[in-house]
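Structure file run-v8.pdb (PDB, C-alpha atoms) follows.
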```
ATOM      1  CA  MET A   1      31.784  24.864 -16.158
ATOM      2  CA  PRO A   2      34.053  22.781 -13.903
ATOM      3  CA  SER A   3      37.378  24.315 -13.032
ATOM      4  CA  ASN A   4      39.126  20.972 -12.406
ATOM      5  CA  LYS A   5      41.121  18.902 -14.916
ATOM      6  CA  SER A   6      38.458  16.221 -15.389
ATOM      7  CA  VAL A   7      38.059  14.718 -18.875
ATOM      8  CA  SER A   8      34.407  15.785 -18.877
ATOM      9  CA  ASP A   9      32.883  19.245 -18.631
ATOM     10  CA  ALA A  10      29.954  17.866 -16.653
ATOM     11  CA  PRO A  11      29.958  18.939 -12.984
ATOM     12  CA  ILE A  12      30.975  16.431 -10.327
ATOM     13  CA  SER A  13      28.973  16.130  -7.102
ATOM     14  CA  GLN A  14      30.465  14.761  -3.907
ATOM     15  CA  PHE A  15      28.007  13.436  -1.310
ATOM     16  CA  THR A  16      29.684  13.530   2.091
ATOM     17  CA  ASN A  17      28.751  12.250   5.537
ATOM     18  CA  CYS A  18      26.550   9.515   4.055
ATOM     19  CA  ARG A  19      26.028   5.775   4.494
ATOM     20  CA  ILE A  20      26.172   3.415   1.519
ATOM     21  CA  LEU A  21      25.136  -0.240   1.355
ATOM     22  CA  ARG A  22      28.175  -2.250   0.327
ATOM     23  CA  GLU A  23      28.756  -5.994   0.869
ATOM     24  CA  HIS A  24      25.497  -6.252   2.845
ATOM     25  CA  THR A  25      26.515  -3.624   5.406
ATOM     26  CA  LEU A  26      26.031   0.129   5.691
ATOM     27  CA  GLN A  27      29.398   1.816   5.359
ATOM     28  CA  ARG A  28      30.292   5.457   5.879
ATOM     29  CA  GLU A  29      32.012   6.838   2.792
ATOM     30  CA  ASP A  30      31.632   9.583   0.230
ATOM     31  CA  LEU A  31      29.823   9.098  -3.068
ATOM     32  CA  TRP A  32      30.986  10.818  -6.272
ATOM     33  CA  VAL A  33      28.510  11.316  -9.120
ATOM     34  CA  ARG A  34      28.700  12.804 -12.609
ATOM     35  CA  GLU A  35      25.763  12.904 -15.041
ATOM     36  CA  GLY A  36      23.845  10.460 -12.900
ATOM     37  CA  LYS A  37      26.654   7.885 -12.827
ATOM     38  CA  ILE A  38      28.669   6.826  -9.788
ATOM     39  CA  LEU A  39      32.407   7.435 -10.191
ATOM     40  CA  ASP A  40      35.376   5.459  -8.972
ATOM     41  CA  PRO A  41      37.152   8.034  -6.758
ATOM     42  CA  GLU A  42      40.611   6.531  -7.370
ATOM     43  CA  LYS A  43      40.278   6.873 -11.145
ATOM     44  CA  LEU A  44      38.814  10.348 -10.704
ATOM     45  CA  PHE A  45      41.705  11.537  -8.539
ATOM     46  CA  PHE A  46      44.665   9.855 -10.220
ATOM     47  CA  ASP A  47      43.587   9.425 -13.865
ATOM     48  CA  GLU A  48      41.523  12.576 -14.336
ATOM     49  CA  GLN A  49      42.997  14.707 -11.547
ATOM     50  CA  GLY A  50      39.417  15.719 -10.913
ATOM     51  CA  TYR A  51      37.639  16.942  -7.821
ATOM     52  CA  ALA A  52      34.133  17.910  -6.754
ATOM     53  CA  ASP A  53      32.444  20.989  -8.174
ATOM     54  CA  GLN A  54      29.828  20.819  -5.447
ATOM     55  CA  GLN A  55      29.509  19.065  -2.100
ATOM     56  CA  VAL A  56      26.325  17.844  -0.439
ATOM     57  CA  ASP A  57      26.280  17.034   3.284
ATOM     58  CA  CYS A  58      23.949  14.040   3.717
ATOM     59  CA  GLU A  59      23.881  14.419   7.499
ATOM     60  CA  ALA A  60      24.416  10.653   8.033
ATOM     61  CA  SER A  61      21.512   9.710   5.742
ATOM     62  CA  ILE A  62      21.523   6.531   3.647
ATOM     63  CA  ILE A  63      22.074   6.832  -0.095
ATOM     64  CA  ALA A  64      20.476   3.936  -1.981
ATOM     65  CA  PRO A  65      18.927   3.209  -5.378
ATOM     66  CA  GLY A  66      15.290   4.228  -5.664
ATOM     67  CA  PHE A  67      12.567   1.647  -5.180
ATOM     68  CA  ILE A  68      10.472   0.463  -8.141
ATOM     69  CA  ASP A  69       6.923  -0.668  -7.342
ATOM     70  CA  VAL A  70       5.462  -2.754 -10.167
ATOM     71  CA  GLN A  71       2.170  -3.487  -8.388
ATOM     72  CA  ILE A  72       0.373  -0.615  -6.715
ATOM     73  CA  ASN A  73      -3.379  -0.134  -7.113
ATOM     74  CA  GLY A  74      -3.556   3.388  -5.739
ATOM     75  CA  GLY A  75      -3.159   5.343  -2.557
ATOM     76  CA  TYR A  76      -4.006   8.551  -0.713
ATOM     77  CA  GLY A  77      -7.614   8.346  -1.871
ATOM     78  CA  VAL A  78      -6.732   7.646  -5.511
ATOM     79  CA  ASP A  79      -7.929   4.399  -7.126
ATOM     80  CA  PHE A  80      -6.220   3.768 -10.457
ATOM     81  CA  SER A  81      -9.099   1.492 -11.506
ATOM     82  CA  GLN A  82     -11.660   4.258 -11.093
ATOM     83  CA  PRO A  83     -12.087   6.351 -14.253
ATOM     84  CA  SER A  84     -12.101  10.125 -13.865
ATOM     85  CA  GLU A  85     -11.927  13.135 -16.130
ATOM     86  CA  ASP A  86      -8.328  13.760 -15.043
ATOM     87  CA  VAL A  87      -6.548  10.479 -14.374
ATOM     88  CA  THR A  88      -3.229  12.303 -14.639
ATOM     89  CA  ALA A  89      -3.929  14.337 -11.506
ATOM     90  CA  GLY A  90      -4.546  11.204  -9.430
ATOM     91  CA  VAL A  91      -1.464   9.400 -10.683
ATOM     92  CA  SER A  92       0.617  12.551 -10.124
ATOM     93  CA  LEU A  93      -0.567  12.808  -6.521
ATOM     94  CA  VAL A  94       0.427   9.230  -5.771
ATOM     95  CA  ALA A  95       3.723   9.716  -7.632
ATOM     96  CA  LYS A  96       4.591  12.690  -5.428
ATOM     97  CA  LYS A  97       3.611  10.939  -2.203
ATOM     98  CA  ILE A  98       5.496   7.688  -2.830
ATOM     99  CA  LEU A  99       8.631   9.624  -3.789
ATOM    100  CA  GLU A 100       8.794  10.671  -0.147
ATOM    101  CA  HIS A 101       9.181   6.973   0.728
ATOM    102  CA  GLY A 102      11.994   6.333  -1.748
ATOM    103  CA  VAL A 103       9.941   5.041  -4.689
ATOM    104  CA  THR A 104      11.357   6.628  -7.840
ATOM    105  CA  SER A 105       9.263   4.793 -10.456
ATOM    106  CA  PHE A 106       6.133   2.657 -10.494
ATOM    107  CA  CYS A 107       3.504   0.818 -12.521
ATOM    108  CA  PRO A 108      -0.017   1.980 -11.627
ATOM    109  CA  THR A 109      -2.016  -1.229 -11.458
ATOM    110  CA  LEU A 110      -5.585  -1.730 -12.666
ATOM    111  CA  VAL A 111      -7.518  -4.685 -11.286
ATOM    112  CA  THR A 112     -10.190  -6.488 -13.307
ATOM    113  CA  SER A 113     -12.572  -3.860 -14.655
ATOM    114  CA  PRO A 114     -15.183  -3.416 -17.414
ATOM    115  CA  PRO A 115     -13.745  -2.450 -20.834
ATOM    116  CA  ALA A 116     -15.022   1.130 -20.482
ATOM    117  CA  VAL A 117     -12.610   1.709 -17.585
ATOM    118  CA  TYR A 118      -9.543   0.578 -19.526
ATOM    119  CA  HIS A 119     -10.612   2.506 -22.614
ATOM    120  CA  LYS A 120     -10.866   5.715 -20.603
ATOM    121  CA  VAL A 121      -7.902   5.375 -18.242
ATOM    122  CA  LEU A 122      -5.098   3.895 -20.367
ATOM    123  CA  PRO A 123      -4.801   6.629 -23.033
ATOM    124  CA  GLN A 124      -4.530   9.453 -20.505
ATOM    125  CA  ILE A 125      -0.956   8.894 -19.286
ATOM    126  CA  LYS A 126       2.221   8.438 -21.283
ATOM    127  CA  VAL A 127       5.387   6.817 -19.979
ATOM    128  CA  HIS A 128       7.632   9.489 -18.454
ATOM    129  CA  ASP A 129      10.640   9.884 -16.188
ATOM    130  CA  GLY A 130      10.454  10.911 -12.574
ATOM    131  CA  GLY A 131      12.064  13.865 -10.850
ATOM    132  CA  PRO A 132      11.537  16.236  -7.931
ATOM    133  CA  HIS A 133       7.867  16.381  -8.924
ATOM    134  CA  GLY A 134       7.313  12.662  -8.309
ATOM    135  CA  ALA A 135       8.139   9.078  -9.224
ATOM    136  CA  GLY A 136       8.399   8.112 -12.884
ATOM    137  CA  PHE A 137       5.596   6.326 -14.737
ATOM    138  CA  LEU A 138       6.833   3.046 -16.265
ATOM    139  CA  GLY A 139       3.500   2.041 -17.792
ATOM    140  CA  PHE A 140       0.363   0.384 -16.472
ATOM    141  CA  HIS A 141       0.205  -3.065 -14.915
ATOM    142  CA  LEU A 142      -3.071  -4.692 -15.966
ATOM    143  CA  GLU A 143      -3.936  -7.374 -13.421
ATOM    144  CA  GLY A 144      -6.785  -9.167 -15.157
ATOM    145  CA  PRO A 145      -9.414  -9.620 -16.481
ATOM    146  CA  PHE A 146      -7.933 -12.751 -18.111
ATOM    147  CA  ILE A 147      -7.583 -14.682 -14.850
ATOM    148  CA  SER A 148      -8.968 -17.790 -13.169
ATOM    149  CA  LEU A 149     -12.457 -17.795 -11.701
ATOM    150  CA  GLU A 150     -11.267 -20.103  -8.910
ATOM    151  CA  LYS A 151      -8.462 -17.723  -7.912
ATOM    152  CA  LYS A 152     -10.106 -14.375  -8.615
ATOM    153  CA  GLY A 153      -9.559 -13.099  -5.045
ATOM    154  CA  ALA A 154     -10.984  -9.572  -4.809
ATOM    155  CA  HIS A 155     -11.492  -9.283  -8.573
ATOM    156  CA  PRO A 156     -15.187  -8.999  -9.561
ATOM    157  CA  GLU A 157     -16.344 -12.209 -11.206
ATOM    158  CA  ARG A 158     -18.732 -10.523 -13.629
ATOM    159  CA  TYR A 159     -15.866  -8.841 -15.497
ATOM    160  CA  LEU A 160     -13.564 -11.842 -15.882
ATOM    161  CA  ARG A 161     -12.806 -12.802 -19.484
ATOM    162  CA  THR A 162     -11.333 -15.653 -21.497
ATOM    163  CA  PHE A 163      -9.470 -15.681 -24.798
ATOM    164  CA  GLN A 164     -12.298 -16.260 -27.230
ATOM    165  CA  SER A 165     -10.331 -15.593 -30.408
ATOM    166  CA  GLY A 166      -6.943 -16.500 -28.958
ATOM    167  CA  GLY A 167      -5.146 -13.439 -30.225
ATOM    168  CA  ILE A 168      -4.676  -9.715 -30.017
ATOM    169  CA  GLU A 169      -8.382  -9.176 -30.697
ATOM    170  CA  ASP A 170      -9.299 -10.231 -27.159
ATOM    171  CA  LEU A 171      -6.786  -7.824 -25.657
ATOM    172  CA  MET A 172      -7.842  -4.894 -27.794
ATOM    173  CA  GLU A 173     -11.519  -5.510 -27.084
ATOM    174  CA  ALA A 174     -10.858  -5.469 -23.349
ATOM    175  CA  TYR A 175      -8.168  -2.800 -23.084
ATOM    176  CA  GLY A 176      -8.695  -0.676 -26.173
ATOM    177  CA  SER A 177      -4.977   0.067 -26.428
ATOM    178  CA  LEU A 178      -1.662  -1.346 -25.258
ATOM    179  CA  ASP A 179       0.429   1.765 -25.902
ATOM    180  CA  ASN A 180       0.987   2.674 -22.242
ATOM    181  CA  VAL A 181       1.027  -0.856 -20.812
ATOM    182  CA  ALA A 182       4.150  -2.333 -19.186
ATOM    183  CA  MET A 183       2.822  -5.565 -17.688
ATOM    184  CA  VAL A 184      -0.197  -7.869 -17.975
ATOM    185  CA  THR A 185      -1.103 -10.504 -15.387
ATOM    186  CA  LEU A 186      -2.974 -13.498 -16.816
ATOM    187  CA  ALA A 187      -3.740 -17.139 -16.021
ATOM    188  CA  PRO A 188      -1.694 -19.354 -18.368
ATOM    189  CA  GLU A 189      -4.123 -22.284 -18.147
ATOM    190  CA  LEU A 190      -6.783 -20.341 -20.049
ATOM    191  CA  PRO A 191      -7.307 -21.892 -23.502
ATOM    192  CA  ARG A 192      -5.426 -20.130 -26.324
ATOM    193  CA  SER A 193      -3.254 -18.164 -23.890
ATOM    194  CA  GLN A 194       0.029 -19.165 -25.565
ATOM    195  CA  SER A 195      -0.480 -16.945 -28.603
ATOM    196  CA  VAL A 196      -1.500 -14.049 -26.345
ATOM    197  CA  VAL A 197       1.654 -14.441 -24.243
ATOM    198  CA  ARG A 198       3.774 -14.467 -27.384
ATOM    199  CA  GLU A 199       2.023 -11.419 -28.848
ATOM    200  CA  LEU A 200       2.424  -9.370 -25.678
ATOM    201  CA  CYS A 201       6.110 -10.232 -25.364
ATOM    202  CA  GLN A 202       6.736  -9.308 -28.986
ATOM    203  CA  ARG A 203       5.306  -5.880 -28.156
ATOM    204  CA  GLY A 204       7.746  -5.472 -25.270
ATOM    205  CA  ILE A 205       5.106  -6.023 -22.574
ATOM    206  CA  THR A 206       6.021  -8.186 -19.582
ATOM    207  CA  VAL A 207       3.684 -11.143 -19.069
ATOM    208  CA  SER A 208       3.133 -12.129 -15.458
ATOM    209  CA  LEU A 209       1.447 -15.331 -14.292
ATOM    210  CA  GLY A 210      -1.069 -15.008 -11.490
ATOM    211  CA  HIS A 211      -4.606 -15.485 -10.186
ATOM    212  CA  SER A 212      -4.252 -18.940 -11.625
ATOM    213  CA  VAL A 213      -4.764 -22.668 -11.069
ATOM    214  CA  ALA A 214      -2.034 -23.551 -13.570
ATOM    215  CA  ASN A 215       0.081 -26.640 -12.996
ATOM    216  CA  LEU A 216       3.838 -26.520 -13.417
ATOM    217  CA  SER A 217       3.745 -27.759 -17.005
ATOM    218  CA  GLN A 218       1.330 -24.990 -18.029
ATOM    219  CA  ALA A 219       3.462 -22.391 -16.240
ATOM    220  CA  GLU A 220       6.627 -23.650 -17.930
ATOM    221  CA  ASP A 221       4.911 -23.545 -21.307
ATOM    222  CA  ALA A 222       3.994 -19.885 -20.699
ATOM    223  CA  VAL A 223       7.601 -19.056 -19.799
ATOM    224  CA  GLN A 224       8.819 -20.788 -22.939
ATOM    225  CA  HIS A 225       6.461 -18.504 -24.900
ATOM    226  CA  GLY A 226       7.948 -15.438 -23.175
ATOM    227  CA  ALA A 227       6.335 -14.975 -19.737
ATOM    228  CA  SER A 228       8.908 -13.757 -17.212
ATOM    229  CA  PHE A 229       7.131 -12.718 -14.008
ATOM    230  CA  ILE A 230       4.869 -14.132 -11.274
ATOM    231  CA  THR A 231       2.253 -11.926  -9.616
ATOM    232  CA  HIS A 232       2.371 -12.033  -5.788
ATOM    233  CA  LEU A 233       3.917 -15.486  -5.387
ATOM    234  CA  PHE A 234       1.896 -17.925  -3.230
ATOM    235  CA  ASN A 235      -1.160 -15.645  -3.263
ATOM    236  CA  ALA A 236      -4.082 -16.490  -5.571
ATOM    237  CA  MET A 237      -2.510 -19.630  -7.027
ATOM    238  CA  LEU A 238      -2.453 -23.332  -6.270
ATOM    239  CA  PRO A 239      -0.540 -24.127  -3.069
ATOM    240  CA  PHE A 240       2.779 -25.901  -3.369
ATOM    241  CA  HIS A 241       2.414 -29.682  -3.697
ATOM    242  CA  HIS A 242       5.308 -32.109  -3.890
ATOM    243  CA  ARG A 243       3.888 -33.922  -6.951
ATOM    244  CA  ASP A 244       3.041 -30.745  -8.835
ATOM    245  CA  PRO A 245       4.316 -27.491  -7.327
ATOM    246  CA  GLY A 246       2.311 -25.359  -9.773
ATOM    247  CA  ILE A 247       3.511 -21.852 -10.605
ATOM    248  CA  VAL A 248       5.683 -21.873  -7.476
ATOM    249  CA  GLY A 249       7.760 -24.583  -9.133
ATOM    250  CA  LEU A 250       9.086 -22.073 -11.661
ATOM    251  CA  LEU A 251      11.550 -20.879  -9.016
ATOM    252  CA  THR A 252      13.573 -24.101  -9.401
ATOM    253  CA  SER A 253      12.351 -25.426 -12.767
ATOM    254  CA  ASP A 254      14.915 -26.882 -15.174
ATOM    255  CA  GLN A 255      12.695 -25.987 -18.139
ATOM    256  CA  ILE A 256      13.419 -22.254 -18.099
ATOM    257  CA  PRO A 257      15.074 -21.187 -21.379
ATOM    258  CA  ALA A 258      18.802 -20.523 -21.131
ATOM    259  CA  GLY A 259      19.608 -16.955 -20.177
ATOM    260  CA  ARG A 260      16.063 -16.271 -18.965
ATOM    261  CA  THR A 261      15.252 -15.218 -15.392
ATOM    262  CA  VAL A 262      11.768 -15.650 -13.969
ATOM    263  CA  PHE A 263      11.075 -12.846 -11.503
ATOM    264  CA  TYR A 264       8.405 -13.048  -8.823
ATOM    265  CA  GLY A 265       6.625 -10.385  -6.816
ATOM    266  CA  MET A 266       6.002 -10.862  -3.114
ATOM    267  CA  ILE A 267       4.038  -8.831  -0.579
ATOM    268  CA  ALA A 268       6.357  -9.028   2.420
ATOM    269  CA  ASP A 269       3.968  -7.560   5.005
ATOM    270  CA  GLY A 270       3.788 -10.636   7.231
ATOM    271  CA  ILE A 271       0.079 -11.008   6.390
ATOM    272  CA  HIS A 272      -0.089 -11.901   2.720
ATOM    273  CA  THR A 273       2.929 -14.184   3.096
ATOM    274  CA  ASN A 274       4.377 -15.823   6.177
ATOM    275  CA  PRO A 275       8.002 -14.729   6.701
ATOM    276  CA  ALA A 276       9.074 -18.383   6.509
ATOM    277  CA  ALA A 277       7.528 -18.681   3.025
ATOM    278  CA  LEU A 278       9.358 -15.506   1.996
ATOM    279  CA  ARG A 279      12.653 -16.987   3.189
ATOM    280  CA  ILE A 280      11.995 -20.249   1.326
ATOM    281  CA  ALA A 281      11.369 -18.388  -1.943
ATOM    282  CA  HIS A 282      14.394 -16.140  -1.511
ATOM    283  CA  ARG A 283      16.742 -19.004  -0.716
ATOM    284  CA  ALA A 284      15.436 -21.006  -3.672
ATOM    285  CA  HIS A 285      15.702 -18.152  -6.187
ATOM    286  CA  PRO A 286      17.214 -14.982  -4.657
ATOM    287  CA  SER A 287      17.903 -13.215  -7.966
ATOM    288  CA  GLY A 288      14.220 -13.280  -8.934
ATOM    289  CA  LEU A 289      12.684 -11.671  -5.849
ATOM    290  CA  VAL A 290      10.819  -8.385  -6.401
ATOM    291  CA  LEU A 291       9.087  -6.781  -3.420
ATOM    292  CA  VAL A 292       5.755  -5.124  -4.205
ATOM    293  CA  THR A 293       3.297  -3.243  -2.030
ATOM    294  CA  ASP A 294       0.023  -4.128  -3.803
ATOM    295  CA  ALA A 295      -1.156  -0.958  -2.059
ATOM    296  CA  ILE A 296      -4.737   0.232  -2.512
ATOM    297  CA  THR A 297      -6.614   3.517  -2.220
ATOM    298  CA  ALA A 298      -6.444   3.359   1.580
ATOM    299  CA  MET A 299      -2.656   3.777   1.701
ATOM    300  CA  GLY A 300      -1.884   6.881   3.723
ATOM    301  CA  LEU A 301      -5.483   7.212   4.946
ATOM    302  CA  PRO A 302      -7.202   6.174   8.203
ATOM    303  CA  PRO A 303      -9.206   2.914   8.491
ATOM    304  CA  GLY A 304     -12.664   2.867   6.922
ATOM    305  CA  HIS A 305     -14.323   2.136   3.593
ATOM    306  CA  HIS A 306     -12.327   2.536   0.398
ATOM    307  CA  THR A 307     -12.519   1.271  -3.167
ATOM    308  CA  LEU A 308     -10.527  -1.273  -5.137
ATOM    309  CA  GLY A 309     -11.825  -0.929  -8.661
ATOM    310  CA  GLN A 310     -15.438  -2.076  -8.685
ATOM    311  CA  GLN A 311     -15.298  -3.380  -5.094
ATOM    312  CA  VAL A 312     -15.662  -1.663  -1.726
ATOM    313  CA  ILE A 313     -12.924  -2.539   0.757
ATOM    314  CA  GLU A 314     -13.110  -1.993   4.502
ATOM    315  CA  ILE A 315      -9.858  -1.473   6.380
ATOM    316  CA  GLN A 316      -9.629  -2.468  10.031
ATOM    317  CA  GLY A 317      -6.173  -2.227  11.500
ATOM    318  CA  LEU A 318      -3.772  -4.149   9.272
ATOM    319  CA  HIS A 319      -6.529  -6.193   7.646
ATOM    320  CA  ALA A 320      -8.841  -5.567   4.703
ATOM    321  CA  TYR A 321     -11.971  -7.287   3.475
ATOM    322  CA  VAL A 322     -14.450  -6.848   0.677
ATOM    323  CA  THR A 323     -17.827  -5.521   1.794
ATOM    324  CA  GLY A 324     -21.189  -5.972   0.146
ATOM    325  CA  LEU A 325     -20.618  -9.624  -0.740
ATOM    326  CA  PRO A 326     -23.371 -12.213  -0.223
ATOM    327  CA  LEU A 327     -23.155 -14.087   3.055
ATOM    328  CA  PRO A 328     -21.105 -15.884   4.253
ATOM    329  CA  TYR A 329     -18.352 -13.892   2.521
ATOM    330  CA  SER A 330     -19.284 -10.345   3.544
ATOM    331  CA  ARG A 331     -17.508 -10.575   6.902
ATOM    332  CA  ARG A 332     -14.604 -12.781   5.905
ATOM    333  CA  TRP A 333     -11.137 -11.353   5.936
ATOM    334  CA  LEU A 334      -9.492 -10.804   2.598
ATOM    335  CA  ILE A 335      -6.045 -12.272   3.122
ATOM    336  CA  ASN A 336      -3.681 -13.726   0.526
ATOM    337  CA  ASP A 337      -6.143 -12.527  -2.127
ATOM    338  CA  GLU A 338      -8.569 -15.230  -0.998
ATOM    339  CA  PHE A 339     -11.414 -15.318   1.476
ATOM    340  CA  VAL A 340     -10.598 -17.146   4.680
ATOM    341  CA  SER A 341     -12.325 -17.308   8.029
TER     342      SER A 341
END
```
For the file at hand, write its structure as structure tokens.
Amino acid sequence: MPSNKSVSDAPISQFTNCRILREHTLQREDLWVREGKILDPEKLFFDEQGYADQQVDCEASIIAPGFIDVQINGGYGVDFSQPSEDVTAGVSLVAKKILEHGVTSFCPTLVTSPPAVYHKVLPQIKVHDGGPHGAGFLGFHLEGPFISLEKKGAHPERYLRTFQSGGIEDLMEAYGSLDNVAMVTLAPELPRSQSVVRELCQRGITVSLGHSVANLSQAEDAVQHGASFITHLFNAMLPFHHRDPGIVGLLTSDQIPAGRTVFYGMIADGIHTNPAALRIAHRAHPSGLVLVTDAITAMGLPPGHHTLGQQVIEIQGLHAYVTGLPLPYSRRWLINDEFVS
């Protein structure tokens, strides 16, 4: 029980000797927190006559909001798209490891897989908060299988699907359940996708556009039906063209519904996206930028062979490519989610 004259009985923590990002610069100042909320020290001192119940010396460390990774396929030997008897253990391991890097919540991402994988993996984990034990689980990000054949990238072609019935039936047949799903990446040019986008949004699931050859009109139509995200901008979609900028054009489109923000993920590793392209996107639409890792099983492990769902990936240095593909693709680098020489 606090001994000060604060209006609340909740204890007040004072973080001292820390650096805080304010007005785009790191500034040395104390941070006051009560029940997880940052306090205005002037109001605390003069209005409440309150003071700290406990002090924490940060030893010149930076205090910042936790990172949220909405596209991460696995790490530390764990592949979220590989079914196991205890999926929870794998997700928990990754959650603990990424917490050490400042990630406080994440969306485990499943790449295109056979229905049996979704049916086994999705029911095993419920949305939950993070803590000292690891980052919080926000729900799964299902990247595929309703994506474009032309822009499939590392997704196995044999498991790609289209919207045969044009409704929830297609989703349930593929996924089995949507209870623990936070985001679905799909190609908006697929026939009958509009009703699927609308159905997912009505269920509170974010619809992301990606692995797609959609033109700008098709992308705008999807946004008008509720889509609000773009999966790894520039990668696995039509390149920008001045007559039809495709999905990229959503960043400056005048057809976005009032009050709606279209967010876009980007892999800012200097390989997936040239830094100049990253700057162009940020300057065009800074409020929509979301950095993602798109990390795979190999994260935290030495180079070698690893899995990405149904594919085998070989890591050499900072590059990765799919192995076991028919020539001439088996030795082509997998960059920008496409095969290039």
For this session: Given the file shown, determine the residues that the PyMOL selection byres ((chain A and resi 299) around 8) selects; report them as a PyMOL selection string.
Result: chain A and resi 74-77+295-298+300-301
Exercise. Can you list what the PyMOL selection byres ((chain A and resi 170) around 12) grabs from this structure, as an NGL selection string?
Worked result: :A and (115 or 145-146 or 161-169 or 171-178 or 192-193 or 195-196 or 199-200)
Give, as JSON, the centre coordinates and the x, y and z edge lengths in Å to one decimal for an axis-aligned box around all listed atoms of region 250-264 of chain A, padded by 5 Å on each side.
```
{"center_x": 14.0, "center_y": -19.9, "center_z": -15.1, "size_x": 21.2, "size_y": 24.0, "size_z": 22.6}
```
For this session: May I have the protein, DNA and RNA residues with any atom at most 10 Å from the point (-9.7, -20.4, -11.5), counting all atoms listed in the file, written as a ChimeraX atom specification?
Result: /A:147-153,187,189-190,211-214,236-238
I need the residues from that last selection saved to file as an mmCIF file, in the coordinates of the input (with C-alpha atoms), if you can.
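The result, stored in again_5.cif:
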```
data_model
loop_
_atom_site.group_PDB
_atom_site.id
_atom_site.type_symbol
_atom_site.label_atom_id
_atom_site.label_comp_id
_atom_site.auth_asym_id
_atom_site.auth_seq_id
_atom_site.Cartn_x
_atom_site.Cartn_y
_atom_site.Cartn_z
ATOM 1 C CA ILE A 147 -7.583 -14.682 -14.850
ATOM 2 C CA SER A 148 -8.968 -17.790 -13.169
ATOM 3 C CA LEU A 149 -12.457 -17.795 -11.701
ATOM 4 C CA GLU A 150 -11.267 -20.103 -8.910
ATOM 5 C CA LYS A 151 -8.462 -17.723 -7.912
ATOM 6 C CA LYS A 152 -10.106 -14.375 -8.615
ATOM 7 C CA GLY A 153 -9.559 -13.099 -5.045
ATOM 8 C CA ALA A 187 -3.740 -17.139 -16.021
ATOM 9 C CA GLU A 189 -4.123 -22.284 -18.147
ATOM 10 C CA LEU A 190 -6.783 -20.341 -20.049
ATOM 11 C CA HIS A 211 -4.606 -15.485 -10.186
ATOM 12 C CA SER A 212 -4.252 -18.940 -11.625
ATOM 13 C CA VAL A 213 -4.764 -22.668 -11.069
ATOM 14 C CA ALA A 214 -2.034 -23.551 -13.570
ATOM 15 C CA ALA A 236 -4.082 -16.490 -5.571
ATOM 16 C CA MET A 237 -2.510 -19.630 -7.027
ATOM 17 C CA LEU A 238 -2.453 -23.332 -6.270
#
```
Using all atoms listed in the file, what table do you get, as CSV, when you list each residue of region 37-70 of chain A with an atom no more than 10 Å from region 86-99 of chain A, its nearest pair of atoms, and their distance in Å rounded to one decimal, rows by chain then rising number?
```
residue,atom,partner,partner_atom,distance
A:Gly66,CA,A:Leu99,CA,8.8
A:Phe67,CA,A:Leu99,CA,9.0
A:Asp69,CA,A:Ile98,CA,9.6
```
Problem set entry | Explicit residues for the PyMOL selection byres ((chain A and resi 245) around 12) (as number ranges by chain) | A: 213-220, 234, 237-244, 246-253
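Between Pro257 (chain A) and the residues A:Leu39, A:Ile125, A:Ala64, A:Ala227, the shortest atom-to-atom distance, using only C-alpha atoms, involves A:Ala227.
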